[in-house]
Amino acid sequence: MPLVSLRQVLDEAAKGGYGVGAFNVNNMEQIQAIMEAAQETNSPVIIQASRGARAYSQDRYLYHLMMAATELYPEIPTVLHLDHGNSPETCFSAIEMGFTSVMMDGSLMADGKTPSSFEYNVEATLKVVKAAHAKGVTVEGEIGCLGGIEDGHGAGLDGLSHLTDPKQAVEFVKATGLDALAIAIGTSHGAYKFSSKPTGETLKMGRLIEIHNGLPGTHLVMHGSSSVPKDLQDIINKYGGKLKPTWGVPVEEIQLGIKNGVRKINVDTDSRLAITGAIRKVFFEKPEEFDPRSYLKPAREAMKKVVALRMTQFGQAGHAGDYKAISLADMAKQYAAQPVAV
Ligand code: G3H
Ligand code: 13P
Ligand code: ZN
């Protein structure tokens with residue numbers, strides 16, 4: 001089947017009460033790892049590429065690799081999503097390129113660092129919604145800012161300074177007509193999220209539930225949702241790496257989120273850790289090797305393992321065959337029948 005819209009995949013996930021992992025890619029091996037994991041677990045797939053990933057893969061490689069994925073796995077509904085679009089123009093170029101879903105991250109200014117005003121966020125997101133929906137493409141927006149790379153105040157790893165305000169979230173969804181809403185509940189991007197195991201208090205799960213209660217029909221998105229498993233950290237450090245002790249988002253907290261409206265869960269760091277550990281192991285144990293396949297194959301396998309595990313834990317496993325693709329043209333017709341209110 002052709003690439004499908006994120007909206008369709010998330011609508012189906014809401015019906016089934018499960019979440020869907022959105023895994024970042026930059027190259028062929030990562031796409032292969034995700035598709036193999038999806039086949040093994042019979043899961044629908046969200047593959048996402050950041051601006052950095054698009055630059056790295058020169059867009060065209062990425063596009064054709066994704067076409068190869070849909071040819072090789074026609075039975076698996078697969079979304080190609082732009083992660084953290086920094087401006088309407090970035091989103092438009094992704095739509096032009098064939099992405100079936102885009103994130104307009106208007107919680108930050110176009111520099112990708114400075115927290116924006118509510119008005120700017122509404123204006124930029126609405127602009128993208130209008131253009132994207134006319135083509136049947138899905139839009140994810142964000143209200144509140146994550147820690148890590150989204151922290152514009154240089155407060156380091158603090159993900160708590162710009163939490164999502166539940167009332168503002170309702171206003172934002174009403175004003176933009178978006179399809180999925182990313183919220184800030186104390187997570188941050190990257191490996192260094194927490195210096196001890198976070199509880200539901202550290203993670204502000206109560207706020208997530210409050211947001212969901214105000215927006216029961218909106219698909220919520222959790223960014224910064226890698227669990228940063230200790231076993232993957234240990235492999236890296238065992239083979240010469242120097243990761244400092246760190247904790248990610250516990251899977252049970254993500255599962256609580258899924259019970260409360262979270263449908264898309266963004267994971268990049270766990271894949272990076274799996275790949276790096278596997279490559280370090282080969283370099284350490286077989287320093288005589290120089291065929292890239294000798295370390296890229298185990299790297300791909302390690303990423304597949306962690307992705308397949310997350311697909312099972314998020315509940316998407318077993319759901320690939322539940323539905324047939326709605327074409328983007330038909331999605332556009334559906335949007336046209338329900339235009340944005342403002
Ligand atoms: O949101 C961040 C993702 O992990 C992508 O990271 O911008 O380094 O590709 P990147
Ligand atoms: P992690 O760094 O926790 O994997 O988050 C990835 C993410 O949110 C991509 O948008
Ligand atoms: Zn993110």
# chains A, B, ... in the order shown; residues from 1 in each chain; ligands from 1
>>> residues_around(residues="Gly21 (chain A)", least_positions_apart="4", cutoff="10 Å", atoms="only C-alpha atoms", output="ChimeraX atom specification")
/A:43-47,221-222,225,263-268,307-308,310-316
>>> residues_near_ligand(ligand="ligand 1", cutoff="6 Å", atoms="only C-alpha atoms and all ligand atoms", output="VMD selection string")
chain A and resid 50 52 to 53 268
>>> residues_near_ligand(ligand="ligand 2", cutoff="8 Å", atoms="only C-alpha atoms and all ligand atoms", output="NGL selection string")
:A and (22-24 or 50 or 83-84 or 187-191 or 193 or 222-228 or 248-249 or 265-271)
>>> closest_residue(among="A:Ile31, A:Met104, A:Leu273, A:Ala132", to="ligand 3", atoms="only C-alpha atoms and all ligand atoms")
A:Met104
>>> select_by_dssp(residues="region 13-93 of chain A", states="alpha helix (DSSP H)", output="ChimeraX atom specification")
/A:13-16,28-41,51-56,60-72,88-93
>>> closest_residue(among="A:Ser93, A:Ser107, A:Asn42, A:Thr78", to="ligand 3", atoms="only C-alpha atoms and all ligand atoms")
A:Ser107
>>> residues_around(residues="region 61-71 of chain A", least_positions_apart="6", cutoff="9 Å", atoms="only C-alpha atoms", output="MDAnalysis selection string")
chainID A and resid 1:3 25:28 31:32 35 47 49 53:54 77:78 80 97:99
>>> write_last_selection(atoms="N, CA and C atoms", output="compact mmCIF listing (two decimals), in the first residue's frame")
# COMPACT_ATOMS: atom_id res chain seq x y z
N MET A 1 0.84 -1.20 0.00
CA MET A 1 0.00 0.00 0.00
C MET A 1 0.88 1.25 0.00
N PRO A 2 0.37 2.36 -0.52
CA PRO A 2 1.17 3.60 -0.51
C PRO A 2 1.32 4.10 0.92
N LEU A 3 2.17 5.11 1.10
CA LEU A 3 2.31 5.71 2.44
C LEU A 3 0.94 6.21 2.89
N VAL A 25 14.63 8.24 11.78
CA VAL A 25 15.60 7.60 10.88
C VAL A 25 16.48 8.64 10.21
N ASN A 26 17.65 8.16 9.79
CA ASN A 26 18.58 8.98 9.01
C ASN A 26 19.13 8.21 7.81
N ASN A 27 18.98 6.88 7.83
CA ASN A 27 19.66 6.08 6.81
C ASN A 27 18.92 4.78 6.51
N MET A 28 19.45 4.01 5.60
CA MET A 28 18.79 2.78 5.18
C MET A 28 18.67 1.76 6.31
N ILE A 31 15.77 2.44 8.63
CA ILE A 31 14.47 2.14 8.00
C ILE A 31 14.27 0.63 7.96
N GLN A 32 15.31 -0.09 7.58
CA GLN A 32 15.21 -1.56 7.53
C GLN A 32 14.89 -2.13 8.90
N MET A 35 11.18 -1.53 9.70
CA MET A 35 10.27 -2.34 8.89
C MET A 35 10.34 -3.82 9.28
N ILE A 47 7.43 6.36 10.63
CA ILE A 47 8.86 6.68 10.48
C ILE A 47 8.95 8.19 10.40
N ALA A 49 11.47 11.83 10.23
CA ALA A 49 12.77 12.39 9.90
C ALA A 49 12.79 13.84 10.36
N ALA A 53 17.94 15.04 9.72
CA ALA A 53 17.90 13.76 8.99
C ALA A 53 17.67 14.01 7.50
N ARG A 54 16.83 14.98 7.20
CA ARG A 54 16.55 15.29 5.79
C ARG A 54 17.81 15.83 5.11
N PRO A 77 0.78 -0.62 7.08
CA PRO A 77 0.50 0.81 6.94
C PRO A 77 1.70 1.62 7.45
N THR A 78 2.24 2.47 6.59
CA THR A 78 3.47 3.18 6.93
C THR A 78 3.31 4.68 6.70
N LEU A 80 5.14 8.52 6.70
CA LEU A 80 6.40 9.28 6.70
C LEU A 80 6.10 10.67 7.26
N MET A 97 7.77 16.94 -0.92
CA MET A 97 8.65 15.78 -1.08
C MET A 97 7.91 14.46 -0.92
N GLY A 98 6.69 14.47 -0.37
CA GLY A 98 5.94 13.23 -0.23
C GLY A 98 5.68 12.77 1.19
N PHE A 99 6.07 13.60 2.18
CA PHE A 99 5.73 13.25 3.56
C PHE A 99 4.20 13.24 3.70
>>> atom_distance(atom1="CA of Lys127 (chain A)", atom2="CA of Arg7 (chain A)")
17.9 Å
>>> residues_around(residues="Leu328 (chain A)", least_positions_apart="3", cutoff="8 Å", atoms="only C-alpha atoms", output="list of chain:residue names")
A:Val4, A:Ser5, A:Thr100, A:Lys135, A:Gly136, A:Val137, A:Met331, A:Ala332
>>> select_by_dssp(residues="region 55-214 of chain A", states="strand (DSSP E or B)", output="PDB file with N, CA, C and O atoms, in the first residue's frame")
ATOM      1  N   THR A  78       2.243   2.466   6.591  1.00  0.00           N
ATOM      2  CA  THR A  78       3.474   3.182   6.933  1.00  0.00           C
ATOM      3  C   THR A  78       3.305   4.683   6.697  1.00  0.00           C
ATOM      4  O   THR A  78       2.882   5.108   5.625  1.00  0.00           O
ATOM      5  N   VAL A  79       3.668   5.452   7.709  1.00  0.00           N
ATOM      6  CA  VAL A  79       3.572   6.922   7.647  1.00  0.00           C
ATOM      7  C   VAL A  79       4.985   7.488   7.528  1.00  0.00           C
ATOM      8  O   VAL A  79       5.896   7.018   8.202  1.00  0.00           O
ATOM      9  N   LEU A  80       5.136   8.522   6.701  1.00  0.00           N
ATOM     10  CA  LEU A  80       6.396   9.282   6.698  1.00  0.00           C
ATOM     11  C   LEU A  80       6.097  10.668   7.263  1.00  0.00           C
ATOM     12  O   LEU A  80       5.331  11.441   6.683  1.00  0.00           O
ATOM     13  N   HIS A  81       6.687  10.949   8.427  1.00  0.00           N
ATOM     14  CA  HIS A  81       6.344  12.146   9.204  1.00  0.00           C
ATOM     15  C   HIS A  81       7.564  13.055   9.365  1.00  0.00           C
ATOM     16  O   HIS A  81       8.670  12.576   9.630  1.00  0.00           O
ATOM     17  N   LEU A  82       7.335  14.355   9.221  1.00  0.00           N
ATOM     18  CA  LEU A  82       8.397  15.338   9.488  1.00  0.00           C
ATOM     19  C   LEU A  82       8.407  15.636  10.989  1.00  0.00           C
ATOM     20  O   LEU A  82       7.402  16.081  11.546  1.00  0.00           O
ATOM     21  N   ASP A  83       9.553  15.413  11.620  1.00  0.00           N
ATOM     22  CA  ASP A  83       9.696  15.648  13.066  1.00  0.00           C
ATOM     23  C   ASP A  83      10.223  17.072  13.288  1.00  0.00           C
ATOM     24  O   ASP A  83      11.215  17.475  12.670  1.00  0.00           O
ATOM     25  N   HIS A  84       9.561  17.833  14.142  1.00  0.00           N
ATOM     26  CA  HIS A  84       9.997  19.182  14.512  1.00  0.00           C
ATOM     27  C   HIS A  84      10.256  20.122  13.328  1.00  0.00           C
ATOM     28  O   HIS A  84      11.349  20.702  13.211  1.00  0.00           O
ATOM     29  N   GLY A  85       9.268  20.257  12.457  1.00  0.00           N
ATOM     30  CA  GLY A  85       9.371  21.297  11.425  1.00  0.00           C
ATOM     31  C   GLY A  85       9.484  22.654  12.132  1.00  0.00           C
ATOM     32  O   GLY A  85       8.706  22.945  13.028  1.00  0.00           O
ATOM     33  N   SER A 101       2.719  13.378   6.649  1.00  0.00           N
ATOM     34  CA  SER A 101       2.417  14.013   7.923  1.00  0.00           C
ATOM     35  C   SER A 101       3.552  14.966   8.268  1.00  0.00           C
ATOM     36  O   SER A 101       4.713  14.671   7.977  1.00  0.00           O
ATOM     37  N   VAL A 102       3.199  16.105   8.879  1.00  0.00           N
ATOM     38  CA  VAL A 102       4.253  17.050   9.265  1.00  0.00           C
ATOM     39  C   VAL A 102       3.998  17.564  10.676  1.00  0.00           C
ATOM     40  O   VAL A 102       2.857  17.726  11.097  1.00  0.00           O
ATOM     41  N   MET A 103       5.089  17.830  11.377  1.00  0.00           N
ATOM     42  CA  MET A 103       4.964  18.514  12.652  1.00  0.00           C
ATOM     43  C   MET A 103       5.378  19.961  12.442  1.00  0.00           C
ATOM     44  O   MET A 103       6.495  20.234  11.987  1.00  0.00           O
ATOM     45  N   MET A 104       4.459  20.873  12.748  1.00  0.00           N
ATOM     46  CA  MET A 104       4.838  22.287  12.800  1.00  0.00           C
ATOM     47  C   MET A 104       5.100  22.580  14.271  1.00  0.00           C
ATOM     48  O   MET A 104       4.166  22.692  15.062  1.00  0.00           O
ATOM     49  N   LEU A 108       8.417  26.792  19.412  1.00  0.00           N
ATOM     50  CA  LEU A 108       9.697  27.500  19.339  1.00  0.00           C
ATOM     51  C   LEU A 108       9.689  28.381  18.092  1.00  0.00           C
ATOM     52  O   LEU A 108       8.981  28.106  17.127  1.00  0.00           O
ATOM     53  N   PRO A 115      11.662  29.854  22.841  1.00  0.00           N
ATOM     54  CA  PRO A 115      10.221  29.648  23.026  1.00  0.00           C
ATOM     55  C   PRO A 115       9.431  30.802  22.396  1.00  0.00           C
ATOM     56  O   PRO A 115       9.804  31.968  22.498  1.00  0.00           O
ATOM     57  N   THR A 138      -1.440  15.090   7.303  1.00  0.00           N
ATOM     58  CA  THR A 138      -1.713  15.286   8.738  1.00  0.00           C
ATOM     59  C   THR A 138      -0.810  16.369   9.334  1.00  0.00           C
ATOM     60  O   THR A 138       0.322  16.546   8.880  1.00  0.00           O
ATOM     61  N   VAL A 139      -1.295  17.037  10.382  1.00  0.00           N
ATOM     62  CA  VAL A 139      -0.456  18.031  11.076  1.00  0.00           C
ATOM     63  C   VAL A 139      -0.417  17.753  12.581  1.00  0.00           C
ATOM     64  O   VAL A 139      -1.453  17.611  13.233  1.00  0.00           O
ATOM     65  N   GLU A 140       0.806  17.699  13.081  1.00  0.00           N
ATOM     66  CA  GLU A 140       1.032  17.658  14.536  1.00  0.00           C
ATOM     67  C   GLU A 140       1.534  19.032  14.945  1.00  0.00           C
ATOM     68  O   GLU A 140       2.380  19.614  14.267  1.00  0.00           O
ATOM     69  N   GLY A 141       0.970  19.565  16.035  1.00  0.00           N
ATOM     70  CA  GLY A 141       1.465  20.827  16.578  1.00  0.00           C
ATOM     71  C   GLY A 141       1.983  20.594  17.980  1.00  0.00           C
ATOM     72  O   GLY A 141       1.865  19.489  18.515  1.00  0.00           O
ATOM     73  N   GLU A 142       2.555  21.631  18.571  1.00  0.00           N
ATOM     74  CA  GLU A 142       3.075  21.468  19.943  1.00  0.00           C
ATOM     75  C   GLU A 142       2.766  22.694  20.772  1.00  0.00           C
ATOM     76  O   GLU A 142       2.920  23.829  20.315  1.00  0.00           O
ATOM     77  N   ILE A 143       2.349  22.443  22.001  1.00  0.00           N
ATOM     78  CA  ILE A 143       2.128  23.554  22.917  1.00  0.00           C
ATOM     79  C   ILE A 143       2.864  23.251  24.228  1.00  0.00           C
ATOM     80  O   ILE A 143       2.746  22.156  24.758  1.00  0.00           O
ATOM     81  N   GLY A 147      12.367  19.810  27.374  1.00  0.00           N
ATOM     82  CA  GLY A 147      13.716  20.190  27.797  1.00  0.00           C
ATOM     83  C   GLY A 147      14.708  19.837  26.709  1.00  0.00           C
ATOM     84  O   GLY A 147      14.335  19.572  25.574  1.00  0.00           O
ATOM     85  N   ALA A 180      -2.953  16.228  15.754  1.00  0.00           N
ATOM     86  CA  ALA A 180      -2.273  15.601  16.894  1.00  0.00           C
ATOM     87  C   ALA A 180      -1.527  16.694  17.654  1.00  0.00           C
ATOM     88  O   ALA A 180      -0.978  17.613  17.048  1.00  0.00           O
ATOM     89  N   LEU A 181      -1.535  16.564  18.978  1.00  0.00           N
ATOM     90  CA  LEU A 181      -0.944  17.620  19.807  1.00  0.00           C
ATOM     91  C   LEU A 181       0.181  17.070  20.678  1.00  0.00           C
ATOM     92  O   LEU A 181      -0.034  16.186  21.516  1.00  0.00           O
ATOM     93  N   ALA A 182       1.388  17.618  20.463  1.00  0.00           N
ATOM     94  CA  ALA A 182       2.535  17.265  21.313  1.00  0.00           C
ATOM     95  C   ALA A 182       2.477  18.126  22.566  1.00  0.00           C
ATOM     96  O   ALA A 182       2.238  19.333  22.485  1.00  0.00           O
ATOM     97  N   ILE A 183       2.676  17.478  23.704  1.00  0.00           N
ATOM     98  CA  ILE A 183       2.584  18.214  24.971  1.00  0.00           C
ATOM     99  C   ILE A 183       3.888  18.073  25.749  1.00  0.00           C
ATOM    100  O   ILE A 183       4.632  17.107  25.567  1.00  0.00           O
ATOM    101  N   SER A 188      12.430  15.371  28.105  1.00  0.00           N
ATOM    102  CA  SER A 188      13.355  16.150  27.268  1.00  0.00           C
ATOM    103  C   SER A 188      13.967  15.199  26.247  1.00  0.00           C
ATOM    104  O   SER A 188      13.914  13.976  26.416  1.00  0.00           O
ATOM    105  N   PHE A 194      16.831  12.261  33.177  1.00  0.00           N
ATOM    106  CA  PHE A 194      16.648  12.282  34.633  1.00  0.00           C
ATOM    107  C   PHE A 194      17.884  11.683  35.313  1.00  0.00           C
ATOM    108  O   PHE A 194      18.497  10.762  34.784  1.00  0.00           O
TER     109      PHE A 194
END
>>> residues_around(residues="Ser117 (chain A)", least_positions_apart="5", cutoff="12 Å", atoms="only C-alpha atoms", output="PyMOL selection string")
chain A and resi 106-109+122-124+143-145+162+168+172
>>> residues_around(residues="Leu309 (chain A)", least_positions_apart="5", cutoff="9 Å", atoms="only C-alpha atoms", output="JSON, numbers by chain")
{"A": [37, 41, 304, 314]}
>>> write_last_selection(atoms="all heavy atoms", output="mmCIF file, in the first residue's frame")
data_model
loop_
_atom_site.group_PDB
_atom_site.id
_atom_site.type_symbol
_atom_site.label_atom_id
_atom_site.label_comp_id
_atom_site.auth_asym_id
_atom_site.auth_seq_id
_atom_site.Cartn_x
_atom_site.Cartn_y
_atom_site.Cartn_z
ATOM 1 N N ALA A 37 11.083 -4.906 12.271
ATOM 2 C CA ALA A 37 10.400 -4.992 13.573
ATOM 3 C C ALA A 37 8.884 -4.982 13.363
ATOM 4 O O ALA A 37 8.143 -5.712 14.021
ATOM 5 C CB ALA A 37 10.821 -3.827 14.465
ATOM 6 N N THR A 41 6.274 -8.007 14.329
ATOM 7 C CA THR A 41 5.224 -7.792 15.339
ATOM 8 C C THR A 41 3.869 -7.466 14.694
ATOM 9 O O THR A 41 2.907 -7.209 15.400
ATOM 10 C CB THR A 41 5.619 -6.631 16.275
ATOM 11 O OG1 THR A 41 5.800 -5.442 15.483
ATOM 12 C CG2 THR A 41 6.893 -6.918 17.035
ATOM 13 N N LYS A 304 16.456 -3.145 15.634
ATOM 14 C CA LYS A 304 15.205 -3.890 15.396
ATOM 15 C C LYS A 304 14.662 -4.446 16.704
ATOM 16 O O LYS A 304 13.465 -4.382 16.975
ATOM 17 C CB LYS A 304 15.451 -5.036 14.415
ATOM 18 C CG LYS A 304 14.183 -5.797 14.078
ATOM 19 C CD LYS A 304 14.426 -7.116 13.397
ATOM 20 C CE LYS A 304 14.273 -8.237 14.393
ATOM 21 N NZ LYS A 304 14.394 -9.568 13.784
ATOM 22 N N PHE A 314 3.847 -0.684 23.419
ATOM 23 C CA PHE A 314 2.902 0.408 23.137
ATOM 24 C C PHE A 314 1.536 -0.135 22.685
ATOM 25 O O PHE A 314 0.568 0.614 22.616
ATOM 26 C CB PHE A 314 3.456 1.361 22.068
ATOM 27 C CG PHE A 314 4.746 2.057 22.449
ATOM 28 C CD1 PHE A 314 5.557 2.646 21.476
ATOM 29 C CD2 PHE A 314 5.152 2.140 23.778
ATOM 30 C CE1 PHE A 314 6.751 3.292 21.826
ATOM 31 C CE2 PHE A 314 6.346 2.784 24.140
ATOM 32 C CZ PHE A 314 7.149 3.347 23.154
#
>>> atom_distance(atom1="CA of Glu301 (chain A)", atom2="CA of Ala33 (chain A)")
6.6 Å
>>> closest_residue(among="A:Thr125, A:Gln334, A:Thr218, A:Asn86", to="ligand 3", atoms="only C-alpha atoms and all ligand atoms")
A:Asn86
>>> atom_distance(atom1="CA of Gln48 (chain A)", atom2="CA of Gly261 (chain A)")
20.5 Å
>>> closest_residue(among="A:Glu288, A:Ala184, A:Glu96, A:Arg293", to="ligand 3", atoms="only C-alpha atoms and all ligand atoms")
A:Ala184
>>> residues_around(residues="Leu256 (chain A)", least_positions_apart="5", cutoff="10 Å", atoms="only C-alpha atoms", output="number ranges by chain")
A: 200, 205, 208-209, 251, 261-262
>>> closest_residue(among="A:Gly277, A:Pro287, A:Gly112, A:Gly17", to="ligand 3", atoms="only C-alpha atoms and all ligand atoms")
A:Gly112
>>> decode(residues="region 8-24 of chain A", atoms="N, CA and C atoms", output="JSON list (two decimals), in the first residue's frame")
[["chain", "number", "residue", "atom", "x", "y", "z"],
["A", 8, "GLN", "N", -4.90, 8.77, 9.89],
["A", 8, "GLN", "CA", -5.59, 7.49, 9.82],
["A", 8, "GLN", "C", -5.02, 6.50, 10.85],
["A", 9, "VAL", "N", -3.70, 6.45, 10.93],
["A", 9, "VAL", "CA", -3.05, 5.50, 11.85],
["A", 9, "VAL", "C", -3.43, 5.84, 13.31],
["A", 10, "LEU", "N", -3.48, 7.13, 13.63],
["A", 10, "LEU", "CA", -3.81, 7.51, 15.02],
["A", 10, "LEU", "C", -5.30, 7.33, 15.31],
["A", 11, "ASP", "N", -6.16, 7.58, 14.32],
["A", 11, "ASP", "CA", -7.60, 7.33, 14.52],
["A", 11, "ASP", "C", -7.82, 5.84, 14.83],
["A", 12, "GLU", "N", -7.13, 4.99, 14.08],
["A", 12, "GLU", "CA", -7.27, 3.54, 14.31],
["A", 12, "GLU", "C", -6.72, 3.17, 15.69],
["A", 13, "ALA", "N", -5.61, 3.80, 16.08],
["A", 13, "ALA", "CA", -5.01, 3.52, 17.39],
["A", 13, "ALA", "C", -5.97, 3.93, 18.51],
["A", 14, "ALA", "N", -6.66, 5.06, 18.30],
["A", 14, "ALA", "CA", -7.62, 5.52, 19.31],
["A", 14, "ALA", "C", -8.77, 4.53, 19.43],
["A", 15, "LYS", "N", -9.23, 4.03, 18.28],
["A", 15, "LYS", "CA", -10.32, 3.03, 18.31],
["A", 15, "LYS", "C", -9.87, 1.79, 19.08],
["A", 16, "GLY", "N", -8.63, 1.37, 18.84],
["A", 16, "GLY", "CA", -8.13, 0.15, 19.47],
["A", 16, "GLY", "C", -7.54, 0.38, 20.85],
["A", 17, "GLY", "N", -7.41, 1.65, 21.27],
["A", 17, "GLY", "CA", -6.89, 1.95, 22.61],
["A", 17, "GLY", "C", -5.40, 1.66, 22.77],
["A", 18, "TYR", "N", -4.64, 1.79, 21.68],
["A", 18, "TYR", "CA", -3.20, 1.55, 21.78],
["A", 18, "TYR", "C", -2.40, 2.77, 21.33],
["A", 19, "GLY", "N", -1.08, 2.72, 21.55],
["A", 19, "GLY", "CA", -0.19, 3.79, 21.09],
["A", 19, "GLY", "C", 0.66, 3.30, 19.94],
["A", 20, "VAL", "N", 1.24, 4.24, 19.19],
["A", 20, "VAL", "CA", 2.10, 3.87, 18.06],
["A", 20, "VAL", "C", 3.44, 4.61, 18.20],
["A", 21, "GLY", "N", 4.52, 3.87, 18.21],
["A", 21, "GLY", "CA", 5.85, 4.48, 18.30],
["A", 21, "GLY", "C", 6.18, 5.22, 17.01],
["A", 22, "ALA", "N", 6.80, 6.38, 17.14],
["A", 22, "ALA", "CA", 7.29, 7.11, 15.97],
["A", 22, "ALA", "C", 8.81, 7.12, 16.09],
["A", 23, "PHE", "N", 9.44, 6.40, 15.18],
["A", 23, "PHE", "CA", 10.88, 6.16, 15.29],
["A", 23, "PHE", "C", 11.64, 7.02, 14.27],
["A", 24, "ASN", "N", 12.68, 7.68, 14.75],
["A", 24, "ASN", "CA", 13.47, 8.56, 13.87],
["A", 24, "ASN", "C", 14.44, 7.76, 13.01]]
